[in-house]
$ cat entry20.txt   # compact mmCIF, C-alpha atoms
# COMPACT_ATOMS: atom_id res chain seq x y z
CA MET A 1 114.36 -155.03 -84.89
CA PHE A 2 116.48 -155.21 -81.75
CA HIS A 3 115.24 -158.15 -79.77
CA ARG A 4 116.45 -158.28 -76.12
CA TRP A 5 118.88 -155.39 -76.52
CA HIS A 6 119.07 -152.79 -73.80
CA PHE A 7 120.10 -149.29 -74.72
CA CYS A 8 121.18 -146.98 -71.94
CA ALA A 9 123.02 -143.67 -71.88
CA GLY A 10 125.34 -144.61 -69.01
CA GLN A 11 129.09 -144.71 -68.92
CA LYS A 12 130.63 -148.01 -69.95
CA ARG A 13 132.07 -150.07 -67.05
CA GLY A 14 130.22 -147.87 -64.54
CA TYR A 15 131.16 -144.71 -62.72
CA LEU A 16 134.46 -144.52 -60.79
CA VAL A 17 136.00 -147.40 -62.73
CA GLY A 18 139.20 -146.68 -64.60
CA LYS A 19 141.86 -148.52 -66.56
CA THR A 20 144.96 -149.83 -64.83
CA LYS A 21 147.86 -152.02 -65.89
CA ARG A 22 145.99 -155.07 -64.60
CA GLY A 23 142.54 -154.25 -65.96
CA LYS A 24 139.84 -152.05 -64.50
CA GLY A 25 139.54 -150.81 -60.96
CA SER A 26 138.60 -148.26 -58.35
CA LYS A 27 140.77 -146.51 -55.82
CA ILE A 28 139.89 -145.85 -52.18
CA MET A 29 141.52 -142.76 -50.68
CA ALA A 30 141.52 -142.40 -46.89
CA ILE A 31 142.85 -140.15 -44.16
CA ALA A 32 143.32 -141.64 -40.69
CA ASP A 33 143.89 -140.02 -37.32
CA GLY A 34 146.65 -140.88 -34.86
CA ALA A 35 144.91 -144.08 -33.79
CA GLY A 36 144.31 -145.27 -37.36
CA LEU A 37 140.58 -144.50 -37.36
CA PRO A 38 139.04 -143.01 -40.52
CA VAL A 39 138.73 -139.21 -40.69
CA ALA A 40 138.05 -138.82 -44.42
CA ILE A 41 137.37 -141.39 -47.10
CA CYS A 42 136.33 -141.31 -50.74
CA ALA A 43 136.46 -143.47 -53.84
CA ALA A 44 137.77 -142.56 -57.28
CA SER A 45 138.69 -144.13 -60.57
CA ALA A 46 141.98 -146.02 -60.57
CA SER A 47 143.35 -143.93 -63.44
CA PRO A 48 144.25 -140.54 -61.87
CA ALA A 49 147.34 -140.13 -59.72
CA GLU A 50 146.91 -139.98 -55.96
CA VAL A 51 148.39 -136.47 -55.84
CA THR A 52 145.39 -135.10 -57.72
CA LEU A 53 142.89 -136.73 -55.31
CA VAL A 54 144.28 -135.47 -51.99
CA GLN A 55 142.36 -132.20 -51.97
CA TYR A 56 139.14 -134.01 -52.91
CA THR A 57 139.66 -136.45 -50.03
CA ILE A 58 140.22 -133.68 -47.49
CA GLU A 59 137.04 -131.95 -48.65
CA HIS A 60 135.06 -135.16 -48.02
CA ARG A 61 136.14 -135.57 -44.40
CA VAL A 62 133.74 -136.85 -41.78
CA VAL A 63 134.91 -134.54 -38.99
CA GLU A 64 134.66 -130.77 -39.07
CA ASP A 65 138.29 -129.91 -38.29
CA THR A 66 141.03 -130.25 -40.88
CA PRO A 67 144.13 -132.20 -39.89
CA GLU A 68 147.18 -130.14 -38.90
CA LYS A 69 149.65 -132.55 -40.51
CA LEU A 70 149.13 -134.99 -43.34
CA ILE A 71 151.59 -137.86 -43.79
CA GLY A 72 151.89 -139.52 -47.18
CA ASP A 73 154.31 -141.77 -49.03
CA LYS A 74 156.65 -140.80 -51.87
CA ALA A 75 153.75 -140.54 -54.33
CA TYR A 76 152.64 -137.37 -52.51
CA ASP A 77 155.94 -135.54 -53.03
CA SER A 78 154.79 -132.51 -54.99
CA ASP A 79 155.58 -128.83 -54.43
CA PRO A 80 152.25 -127.61 -55.87
CA LEU A 81 150.41 -130.06 -53.60
CA ASP A 82 152.33 -128.83 -50.54
CA ARG A 83 151.54 -125.19 -51.33
CA GLY A 84 147.91 -125.85 -52.26
CA ILE A 85 147.05 -127.80 -49.11
CA GLU A 86 148.85 -125.24 -46.93
CA GLU A 87 146.97 -122.32 -48.50
CA ILE A 88 143.49 -123.86 -48.68
CA PHE A 89 143.30 -126.00 -45.55
CA GLY A 90 146.26 -124.88 -43.43
CA THR A 91 147.56 -128.47 -43.37
CA GLU A 92 151.25 -129.32 -43.51
CA MET A 93 152.14 -132.14 -45.92
CA ILE A 94 154.86 -134.55 -44.77
CA ALA A 95 156.18 -136.84 -47.50
CA PRO A 96 159.70 -138.08 -48.27
CA ASN A 97 161.28 -136.88 -51.49
CA ARG A 98 161.23 -139.13 -54.52
CA ARG A 99 164.50 -140.43 -55.86
CA GLY A 100 163.97 -139.01 -59.36
CA ARG A 101 162.93 -135.54 -58.19
CA LYS A 102 163.61 -132.87 -60.84
CA LYS A 103 164.12 -130.03 -58.36
CA SER A 104 166.99 -131.07 -56.17
CA ASN A 105 166.06 -128.93 -53.14
CA GLN A 106 165.03 -130.96 -50.14
CA THR A 107 161.59 -129.89 -48.91
CA GLN A 108 161.50 -132.21 -45.90
CA ASP A 109 164.01 -132.31 -43.09
CA GLY A 110 164.71 -135.22 -40.78
CA ARG A 111 162.62 -133.92 -37.88
CA LYS A 112 159.42 -133.87 -39.90
CA LEU A 113 160.14 -137.27 -41.45
CA ARG A 114 160.25 -138.89 -38.00
CA ARG A 115 156.46 -138.70 -38.10
CA TYR A 116 156.56 -140.75 -41.33
CA LYS A 117 157.23 -143.83 -39.22
CA ARG A 118 153.61 -143.67 -38.04
CA ARG A 119 152.25 -144.17 -41.57
CA TRP A 120 151.65 -147.82 -40.74
CA LYS A 121 148.46 -146.75 -38.97
CA VAL A 122 146.95 -145.77 -42.31
CA GLU A 123 147.97 -149.13 -43.74
CA ARG A 124 146.26 -150.76 -40.76
CA LEU A 125 143.08 -148.83 -41.62
CA PHE A 126 143.18 -150.27 -45.13
CA ALA A 127 143.71 -153.75 -43.67
CA TRP A 128 140.59 -153.24 -41.54
CA LEU A 129 138.65 -152.00 -44.57
CA PHE A 130 139.70 -154.94 -46.71
CA ASN A 131 138.38 -157.38 -44.13
CA PHE A 132 135.05 -156.54 -45.76
CA ARG A 133 134.95 -158.67 -48.88
CA ARG A 134 132.55 -156.34 -50.67
CA LEU A 135 135.20 -153.64 -50.74
CA VAL A 136 137.99 -155.88 -52.02
CA ALA A 137 136.04 -157.16 -55.00
CA ARG A 138 133.74 -154.37 -56.07
CA TYR A 139 130.44 -156.18 -56.58
CA GLU A 140 128.38 -153.01 -56.93
CA TYR A 141 128.01 -151.54 -60.38
CA ASP A 142 126.69 -148.25 -59.00
CA ALA A 143 129.32 -145.98 -57.49
CA VAL A 144 126.84 -144.61 -54.96
CA ASN A 145 126.28 -148.10 -53.55
CA PHE A 146 130.04 -148.77 -53.44
CA ILE A 147 130.70 -145.51 -51.57
CA GLY A 148 127.82 -146.34 -49.25
CA PHE A 149 129.42 -149.67 -48.36
CA ILE A 150 132.74 -147.91 -47.76
CA HIS A 151 131.05 -145.54 -45.32
CA LEU A 152 129.24 -148.45 -43.67
CA ALA A 153 132.56 -150.26 -43.19
CA CYS A 154 134.08 -147.09 -41.67
CA ALA A 155 131.13 -146.78 -39.32
CA MET A 156 131.59 -150.38 -38.20
CA ILE A 157 135.31 -149.79 -37.61
CA LEU A 158 134.55 -146.68 -35.56
CA MET A 159 131.91 -148.55 -33.51
CA ARG A 160 134.41 -151.30 -32.67
CA HIS A 161 136.80 -148.74 -31.20
CA LEU A 162 134.36 -146.81 -29.03
$ encode --input "entry20.txt" --output "structure tokens"
Amino acid sequence: MFHRWHFCAGQKRGYLVGKTKRGKGSKIMAIADGAGLPVAICAASASPAEVTLVQYTIEHRVVEDTPEKLIGDKAYDSDPLDRGIEEIFGTEMIAPNRRGRKKSNQTQDGRKLRRYKRRWKVERLFAWLFNFRRLVARYEYDAVNFIGFIHLACAMILMRHL
């Protein structure tokens, strides 16, 4: 007899929780506009690389229009990503080349990388998001509740800047 045992068919550790070097975690992916306000936001497991989640993030945007240019850090330096986003959404990807790049051709010139200086606005968006303690330490076991709190935080940020 199993006294006080609960059997459930759910995924262990919850949905959207993946292994990292420091334990378990979730990843918040966001796209910000020129003022640093959220345009698209989604949550994912911490395990997959950010390059694989870019298309998913663009599909879950809040506004109807797709961004013309997307600025990312060195983790987004990928030729298949550049081609895929250009073909599907018509968005130009701007990311500096990684140091250990296998193909030596430079895909970004200096004029495009001048826009990379404005990437601090995305970092400011994450600073605004992490003012909400519920997002820093994920208290919600359910992924739907966690994503709901992310969207609530984005709505509060947008209301502050109206």
$ atom_distance --input "entry20.txt" --atom1 "atom CA of Phe89 of chain A" --atom2 "atom CA of Asp77 of chain A"
17.5 Å
$ residues_around --input "entry20.txt" --residues "Gly72 of chain A" --least-positions-apart "2" --cutoff "9 Å" --atoms "only C-alpha atoms" --output "ChimeraX atom specification"
/A:70,74-77,93-96,116,119
$ write_last_selection --input "entry20.txt" --atoms "C-alpha atoms" --output "PDB file, keeping the file's coordinate frame"
ATOM      1  CA  LEU A  70     149.130-134.990 -43.340  1.00  0.00           C
ATOM      2  CA  LYS A  74     156.650-140.800 -51.870  1.00  0.00           C
ATOM      3  CA  ALA A  75     153.750-140.540 -54.330  1.00  0.00           C
ATOM      4  CA  TYR A  76     152.640-137.370 -52.510  1.00  0.00           C
ATOM      5  CA  ASP A  77     155.940-135.540 -53.030  1.00  0.00           C
ATOM      6  CA  MET A  93     152.140-132.140 -45.920  1.00  0.00           C
ATOM      7  CA  ILE A  94     154.860-134.550 -44.770  1.00  0.00           C
ATOM      8  CA  ALA A  95     156.180-136.840 -47.500  1.00  0.00           C
ATOM      9  CA  PRO A  96     159.700-138.080 -48.270  1.00  0.00           C
ATOM     10  CA  TYR A 116     156.560-140.750 -41.330  1.00  0.00           C
ATOM     11  CA  ARG A 119     152.250-144.170 -41.570  1.00  0.00           C
TER      12      ARG A 119
END
$ residues_near_point --input "entry20.txt" --point "(134.7, -151.1, -54.9)" --cutoff "9 Å" --atoms "only C-alpha atoms" --output "list in words"
Leu16, Val17, Gly25, Ser26, Lys27, Ile28, Ala43, Arg134, Leu135, Val136, Ala137, Arg138, Tyr139, Glu140, Tyr141, Ala143, Phe146, Ile147, Phe149 and Ile150 of chain A
$ residues_around --input "entry20.txt" --residues "Val39 of chain A" --least-positions-apart "4" --cutoff "12 Å" --atoms "all atoms listed in the file" --output "list in words"
Met29, Ala30, Ile31, Ala32, Asp33, Gly34, Ala35, Thr57, Ile58, Glu59, His60, Arg61, Val62, Val63, Glu64, Asp65, Thr66, Pro67, Leu70, Val122, Leu125, His151, Cys154, Ala155, Ile157 and Leu158 of chain A
$ write_last_selection --input "entry20.txt" --atoms "C-alpha atoms" --output "PDB file, in the coordinates of the input"
ATOM      1  CA  MET A  29     141.520-142.760 -50.680  1.00  0.00           C
ATOM      2  CA  ALA A  30     141.520-142.400 -46.890  1.00  0.00           C
ATOM      3  CA  ILE A  31     142.850-140.150 -44.160  1.00  0.00           C
ATOM      4  CA  ALA A  32     143.320-141.640 -40.690  1.00  0.00           C
ATOM      5  CA  ASP A  33     143.890-140.020 -37.320  1.00  0.00           C
ATOM      6  CA  GLY A  34     146.650-140.880 -34.860  1.00  0.00           C
ATOM      7  CA  ALA A  35     144.910-144.080 -33.790  1.00  0.00           C
ATOM      8  CA  THR A  57     139.660-136.450 -50.030  1.00  0.00           C
ATOM      9  CA  ILE A  58     140.220-133.680 -47.490  1.00  0.00           C
ATOM     10  CA  GLU A  59     137.040-131.950 -48.650  1.00  0.00           C
ATOM     11  CA  HIS A  60     135.060-135.160 -48.020  1.00  0.00           C
ATOM     12  CA  ARG A  61     136.140-135.570 -44.400  1.00  0.00           C
ATOM     13  CA  VAL A  62     133.740-136.850 -41.780  1.00  0.00           C
ATOM     14  CA  VAL A  63     134.910-134.540 -38.990  1.00  0.00           C
ATOM     15  CA  GLU A  64     134.660-130.770 -39.070  1.00  0.00           C
ATOM     16  CA  ASP A  65     138.290-129.910 -38.290  1.00  0.00           C
ATOM     17  CA  THR A  66     141.030-130.250 -40.880  1.00  0.00           C
ATOM     18  CA  PRO A  67     144.130-132.200 -39.890  1.00  0.00           C
ATOM     19  CA  LEU A  70     149.130-134.990 -43.340  1.00  0.00           C
ATOM     20  CA  VAL A 122     146.950-145.770 -42.310  1.00  0.00           C
ATOM     21  CA  LEU A 125     143.080-148.830 -41.620  1.00  0.00           C
ATOM     22  CA  HIS A 151     131.050-145.540 -45.320  1.00  0.00           C
ATOM     23  CA  CYS A 154     134.080-147.090 -41.670  1.00  0.00           C
ATOM     24  CA  ALA A 155     131.130-146.780 -39.320  1.00  0.00           C
ATOM     25  CA  ILE A 157     135.310-149.790 -37.610  1.00  0.00           C
ATOM     26  CA  LEU A 158     134.550-146.680 -35.560  1.00  0.00           C
TER      27      LEU A 158
END
$ atom_distance --input "entry20.txt" --atom1 "atom CA of Val54 of chain A" --atom2 "atom CA of Pro38 of chain A"
14.7 Å
$ atom_distance --input "entry20.txt" --atom1 "atom CA of Gln55 of chain A" --atom2 "atom CA of Ile85 of chain A"
7.0 Å
$ closest_residue --input "entry20.txt" --among "A:Leu53, A:Leu162, A:Ile71, A:Leu81" --to "Arg114 of chain A" --atoms "all atoms listed in the file"
A:Ile71
$ closest_residue --input "entry20.txt" --among "A:Leu37, A:Cys42, A:Ile88, A:Val51" --to "His161 of chain A" --atoms "all atoms listed in the file"
A:Leu37
$ decode --input "entry20.txt" --residues "segment 12-160 of chain A" --atoms "C-alpha atoms" --output "compact mmCIF listing (two decimals), in the first residue's frame"
# COMPACT_ATOMS: atom_id res chain seq x y z
CA LYS A 12 9.79 16.14 -13.43
CA ARG A 13 10.92 19.64 -12.32
CA GLY A 14 8.02 21.21 -14.24
CA TYR A 15 7.67 22.49 -17.77
CA LEU A 16 10.23 24.97 -19.17
CA VAL A 17 12.86 24.02 -16.59
CA GLY A 18 16.16 22.73 -17.90
CA LYS A 19 19.59 21.78 -16.62
CA THR A 20 22.37 24.35 -16.51
CA LYS A 21 25.89 24.37 -15.10
CA ARG A 22 24.55 25.86 -11.87
CA GLY A 23 21.46 23.69 -11.47
CA LYS A 24 18.02 24.08 -13.01
CA GLY A 25 16.56 27.14 -14.62
CA SER A 26 14.40 28.92 -17.14
CA LYS A 27 15.38 31.42 -19.79
CA ILE A 28 13.48 34.58 -20.69
CA MET A 29 13.88 35.70 -24.31
CA ALA A 30 12.84 39.26 -25.20
CA ILE A 31 12.86 41.68 -28.11
CA ALA A 32 12.78 45.39 -27.33
CA ASP A 33 12.08 48.40 -29.52
CA GLY A 34 14.25 51.49 -29.85
CA ALA A 35 13.13 52.83 -26.48
CA GLY A 36 13.75 49.55 -24.66
CA LEU A 37 10.06 48.62 -24.34
CA PRO A 38 9.06 44.98 -24.85
CA VAL A 39 7.89 43.96 -28.34
CA ALA A 40 8.10 40.17 -27.97
CA ILE A 41 8.76 38.01 -24.96
CA CYS A 42 8.68 34.30 -24.21
CA ALA A 43 10.10 31.80 -21.74
CA ALA A 44 11.98 28.59 -22.47
CA SER A 45 14.05 25.96 -20.77
CA ALA A 46 17.59 27.01 -19.90
CA SER A 47 19.09 24.11 -21.85
CA PRO A 48 18.72 25.10 -25.55
CA ALA A 49 20.98 27.70 -27.13
CA GLU A 50 19.60 31.18 -27.70
CA VAL A 51 20.10 30.86 -31.46
CA THR A 52 17.43 28.17 -31.64
CA LEU A 53 14.88 30.30 -29.73
CA VAL A 54 15.04 33.50 -31.81
CA GLN A 55 12.45 32.45 -34.36
CA TYR A 56 10.10 31.27 -31.60
CA THR A 57 10.46 34.63 -29.86
CA ILE A 58 9.67 36.61 -33.01
CA GLU A 59 6.57 34.49 -33.58
CA HIS A 60 5.32 35.36 -30.07
CA ARG A 61 5.53 39.12 -30.52
CA VAL A 62 2.93 41.41 -29.00
CA VAL A 63 2.76 43.84 -31.93
CA GLU A 64 1.63 42.92 -35.42
CA ASP A 65 4.64 44.23 -37.38
CA THR A 66 7.94 42.38 -37.45
CA PRO A 67 11.06 44.37 -36.63
CA GLU A 68 13.18 45.50 -39.59
CA LYS A 69 16.48 44.97 -37.77
CA LEU A 70 17.29 42.67 -34.90
CA ILE A 71 20.40 43.33 -32.81
CA GLY A 72 21.94 40.49 -30.83
CA ASP A 73 25.21 39.69 -29.10
CA LYS A 74 27.89 37.24 -30.27
CA ALA A 75 25.73 34.25 -29.34
CA TYR A 76 23.47 35.10 -32.30
CA ASP A 77 26.25 34.89 -34.89
CA SER A 78 24.94 32.16 -37.15
CA ASP A 79 24.65 32.09 -40.94
CA PRO A 80 21.59 29.78 -40.95
CA LEU A 81 19.89 32.09 -38.44
CA ASP A 82 20.62 35.14 -40.59
CA ARG A 83 19.20 33.47 -43.71
CA GLY A 84 16.20 31.98 -41.92
CA ILE A 85 15.07 35.22 -40.29
CA GLU A 86 15.59 37.14 -43.53
CA GLU A 87 13.52 34.65 -45.54
CA ILE A 88 10.68 34.09 -43.07
CA PHE A 89 10.22 37.49 -41.45
CA GLY A 90 12.19 39.89 -43.65
CA THR A 91 14.25 40.95 -40.63
CA GLU A 92 17.95 41.76 -40.84
CA MET A 93 20.08 40.21 -38.07
CA ILE A 94 22.92 42.37 -36.73
CA ALA A 95 25.40 40.51 -34.53
CA PRO A 96 29.18 40.75 -34.23
CA ASN A 97 31.18 37.74 -35.36
CA ARG A 98 32.45 35.30 -32.77
CA ARG A 99 36.16 34.94 -32.27
CA GLY A 100 36.20 31.19 -32.95
CA ARG A 101 34.10 31.39 -36.11
CA LYS A 102 34.76 28.43 -38.45
CA LYS A 103 33.93 30.31 -41.65
CA SER A 104 36.32 33.21 -41.80
CA ASN A 105 34.17 35.48 -44.00
CA GLN A 106 32.93 38.56 -42.22
CA THR A 107 29.14 38.81 -42.45
CA GLN A 108 28.86 42.16 -40.66
CA ASP A 109 30.53 45.37 -41.69
CA GLY A 110 31.30 48.34 -39.46
CA ARG A 111 28.31 50.41 -40.53
CA LYS A 112 25.80 47.82 -39.37
CA LEU A 113 27.68 47.19 -36.13
CA ARG A 114 27.31 50.85 -35.12
CA ARG A 115 23.74 49.94 -34.21
CA TYR A 116 25.14 47.30 -31.84
CA LYS A 117 25.98 50.10 -29.41
CA ARG A 118 22.24 50.45 -28.71
CA ARG A 119 21.98 46.91 -27.33
CA TRP A 120 22.10 48.33 -23.83
CA LYS A 121 18.40 49.15 -24.20
CA VAL A 122 17.59 45.44 -24.21
CA GLU A 123 19.72 44.99 -21.10
CA ARG A 124 17.76 47.83 -19.51
CA LEU A 125 14.52 45.95 -20.32
CA PHE A 126 15.85 42.92 -18.46
CA ALA A 127 16.82 45.15 -15.53
CA TRP A 128 13.23 46.44 -15.44
CA LEU A 129 11.88 42.89 -15.63
CA PHE A 130 14.11 41.67 -12.83
CA ASN A 131 12.81 44.38 -10.51
CA PHE A 132 9.90 41.97 -10.13
CA ARG A 133 11.11 39.40 -7.63
CA ARG A 134 8.74 36.72 -8.89
CA LEU A 135 10.60 36.63 -12.20
CA VAL A 136 14.07 36.44 -10.68
CA ALA A 137 13.31 33.45 -8.47
CA ARG A 138 10.75 31.38 -10.31
CA TYR A 139 8.22 30.60 -7.59
CA GLU A 140 5.61 29.19 -9.96
CA TYR A 141 5.78 25.51 -10.75
CA ASP A 142 3.40 25.87 -13.69
CA ALA A 143 4.94 27.38 -16.81
CA VAL A 144 1.65 29.01 -17.77
CA ASN A 145 1.61 30.97 -14.51
CA PHE A 146 5.27 31.98 -14.96
CA ILE A 147 4.63 33.23 -18.51
CA GLY A 148 1.54 35.03 -17.24
CA PHE A 149 3.63 36.90 -14.67
CA ILE A 150 6.16 37.78 -17.37
CA HIS A 151 3.39 39.28 -19.49
CA LEU A 152 1.98 41.10 -16.46
CA ALA A 153 5.40 42.61 -15.76
CA CYS A 154 5.68 43.71 -19.41
CA ALA A 155 2.25 45.30 -19.22
CA MET A 156 3.26 47.21 -16.09
CA ILE A 157 6.46 48.41 -17.80
CA LEU A 158 4.48 49.57 -20.82
CA MET A 159 1.94 51.38 -18.61
CA ARG A 160 4.74 53.27 -16.82
